[in-house]
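Chemist: I'd like to ask you about the structure that follows.
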Amino acid sequence: MKTFKSLLAVVALGLLVACGGGNGKEDPVNPTTKDPTIFRTQIDKTSYSPEAQTTTFTVYCDVAWAVKADSQWLTVSPSSGKGDATNGEQVTVTFKFNKETSSRNGAVTVSAGTKTSSLTLSQKPLTEMFPETEVFIVKKQTYKFVVISQNEWTASLPADADWLHIEPKSGSGTVSVYMTPSDANENVGDRKTTLTFTMGGDKVEIPVTQRQTNVLLLGESQYINDYQAGTFEVPSNTNVDFQVVIPAEAADWLKFVETKALNSRKTTFRLEQNTGFEPRRATVSFKYGDDINETFQVEQAPYNEVLGKTVPGIYGVEGQNFIYTAGKDQLSVLRTADKKLALRILRAEDVQVAEVSGVPADATFGTELNVTVAVLKGRDIVVRKATSAYILKADDKNIWLTTPDGIGAILKK
């Protein structure tokens, strides 16, 4: 009997050792898959500035847990914990510098057993720290550049940028940096340099350009808009206070939206809706005295009911609409050797064929071209005309067009 009891004691001791000494705690290296009864995370905030930085959150859990981040710009430490439901365990999250001009989101996920808890963290774009990512200086004017930073930074210019002075050269919080050129740049061409901000191990480079004296350059020579009312912007590179001149014949549908600073890099114009069936055009001038006169063309597409339709067809031919009905009509799209399209619809109910041809397959919005419109009934030609057309819209599947006499068409590519 004594021998049997001794054997039982040895077995019990072995089981006690195998179970971790009977203290009820899990092995942190190989945690069990037991689900927690207490499991929550706590963090003070979820949105952060673009700077490189760290934050912490607390895990309250009564079993071992693990944590990981789903984005390369986020790291976590430690990656696991033993479990402390009373006091909690802290995890440090490290953010890399966000040098992009858009915000970004990442998730940090804590798992325990089969349960998970995720925190979505967002980091603001570079423009939250540097509202402007490029600097343009005109004449000898002092330029004010704002920096919004939680951490200390220093600012520097290359050695060859002795024509530009900056003050202050360091700071933190919200600081205005003033840049003053030594002269008005009367040389031919712009002067360029780079303003570098250093924050710890990160650097941000801001391009700086001082314009040549009396420069007025427009971004594009033509701006094409659809028929709807709205606004559009004309970018310009200038260091003069120019005057905007709209021709009198366009004054009822094209307006200049005045801003406080005419030498801004974007000038806004407002369009009234074009309710007519013809495109309308105007030549706008940016003038500076008698020396500079830069112009650009504005074009607004005409209104046409075909824009509200999506089914291939020809609308408004001699008062008729030829709209393709699947299973009833025949639709043919022909492509010629010179890469032009022809849409042909056979309307079975009255044996009529309608066709629009001569449309380039790569036609884009605003293109003017010549097309042929034809309608046949049996062997008789009801309509056949060559006419100009205007592309109202084009995408990967269809082309919308209109003609001066109100014919509209949707061509399937």
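We name chains A, B, ... following the order of the structure tokens; residues begin at 1 in each chain, and ligands are numbered from 1 as shown.
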Extract, using only C-alpha atoms, all DNA, RNA and protein residues at most 12 Å from stretch 327-329 of chain A, discarding same-chain residues fewer than 3 positions from it, and format them as a list in words.

Modeler: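 Here the qualifying residues turn out to be Pro312, Gly313, Phe322, Ile323, Tyr324, Ser332, Arg344, Ile345, Leu346, Arg347, Ala348, Glu349, Asp350, Val351, Gln352, Val353 and Ala354 of chain A.
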
Chemist: Rounded to one decimal, what separation in Å do you get between atom CA of A:Ala69 and atom CA of A:Gly106?

Modeler: 7.4 Å

Chemist: Distance atom CA of A:Thr142-atom CA of A:Tyr178, one decimal place?

Modeler: 6.5 Å

Chemist: Using atom CA of A:Ser149 and atom CA of A:Glu51 as the two end points, give the distance in Å to one decimal.

Modeler: 7.5 Å

Chemist: Pick from A:Arg335, A:Arg265, A:Lys144, A:Arg281: nearest to A:Phe130, with only C-alpha atoms counted?

Modeler: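 Of A:Arg335, A:Arg265, A:Lys144, A:Arg281, the one nearest A:Phe130, counting only C-alpha atoms, is A:Lys144.
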
Chemist: Excluding stretch 249-258 of chain A and any residue of its chain fewer than 3 positions from it, enumerate the residues within 8 Å of it, using only C-alpha atoms, and give them as a ChimeraX atom specification.

Modeler: /A:244,246,262,267-274,281-282

Chemist: List the spatial neighbours of A:Tyr315 as an NGL selection string - criterion: any atom at most 10 Å away, only C-alpha atoms, same-chain residues fewer than 5 positions off excluded.

Modeler: :A and (305-306 or 320-323 or 354 or 402 or 406-410)

Chemist: Once you have the residues from the selection above, write them out as a PDB file, in the first residue's frame, restricted to C-alpha atoms.

Modeler:
```
ATOM      1  CA  GLU A 305     -30.702  65.875 -74.063  1.00  0.00           C
ATOM      2  CA  VAL A 306     -28.547  63.027 -75.329  1.00  0.00           C
ATOM      3  CA  GLN A 320     -37.391  60.220 -84.983  1.00  0.00           C
ATOM      4  CA  ASN A 321     -35.286  58.414 -82.399  1.00  0.00           C
ATOM      5  CA  PHE A 322     -33.433  55.245 -83.321  1.00  0.00           C
ATOM      6  CA  ILE A 323     -32.671  53.631 -79.964  1.00  0.00           C
ATOM      7  CA  ALA A 354     -30.024  54.783 -89.183  1.00  0.00           C
ATOM      8  CA  THR A 402     -24.450  66.528 -81.195  1.00  0.00           C
ATOM      9  CA  GLY A 406     -30.064  69.156 -82.880  1.00  0.00           C
ATOM     10  CA  ILE A 407     -29.260  65.573 -83.857  1.00  0.00           C
ATOM     11  CA  GLY A 408     -27.684  63.649 -80.992  1.00  0.00           C
ATOM     12  CA  ALA A 409     -26.019  60.261 -80.970  1.00  0.00           C
ATOM     13  CA  ILE A 410     -24.425  57.773 -78.587  1.00  0.00           C
TER      14      ILE A 410
END
```

Chemist: Contacts of stretch 152-166 of chain A at 6 Å or less, counting only C-alpha atoms, minus same-chain residues fewer than 6 places along, as a list in words?

Modeler: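 Here the qualifying residues turn out to be Ser172, Tyr178, Met179, Thr180, Pro181, Ser182, Leu195, Thr196, Phe197, Thr198 and Met199 of chain A.
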
Chemist: Can you list, as a ChimeraX atom specification, all residues belonging to stretch 146-391 of chain A that DSSP tags as strand (DSSP E or B)?

Modeler: /A:146-156,164-167,170-181,191-199,202-210,216-218,222-225,230-238,243-245,254-257,266-271,280-288,292-300,313-317,320-323,330-335,340-347,352-360,368-377,380-391

Chemist: Which residues, written as a tab-separated table (two decimals) with C-alpha atoms, in the first residue's frame, have at least one atom at most 8 Å from stretch 366-383 of chain A, with only C-alpha atoms counted and residues fewer than 2 positions away on the same chain left out?

Modeler:
```tsv
chain	number	residue	atom	x	y	z
A	224	ILE	CA	-13.02	73.43	-72.43
A	301	ALA	CA	-20.18	72.75	-74.71
A	318	GLU	CA	-36.29	64.04	-88.83
A	350	ASP	CA	-40.38	49.35	-89.80
A	351	VAL	CA	-37.27	48.05	-91.59
A	352	GLN	CA	-35.39	51.34	-91.22
A	353	VAL	CA	-31.65	51.76	-90.86
A	354	ALA	CA	-30.02	54.78	-89.18
A	355	GLU	CA	-26.28	55.44	-89.28
A	356	VAL	CA	-23.75	57.96	-88.00
A	357	SER	CA	-20.24	57.57	-89.46
A	358	GLY	CA	-16.88	59.33	-89.51
A	359	VAL	CA	-16.28	59.55	-85.74
A	363	ALA	CA	-12.40	61.36	-80.07
A	364	THR	CA	-12.40	63.33	-76.82
A	385	LYS	CA	-26.35	64.61	-94.82
A	386	ALA	CA	-22.79	65.59	-94.07
A	387	THR	CA	-22.63	67.89	-91.06
A	388	SER	CA	-20.33	69.13	-88.37
A	389	ALA	CA	-20.54	67.57	-84.91
A	390	TYR	CA	-19.32	68.31	-81.41
A	391	ILE	CA	-18.20	65.65	-78.90
A	392	LEU	CA	-20.19	66.22	-75.70
A	393	LYS	CA	-18.66	63.36	-73.74
```
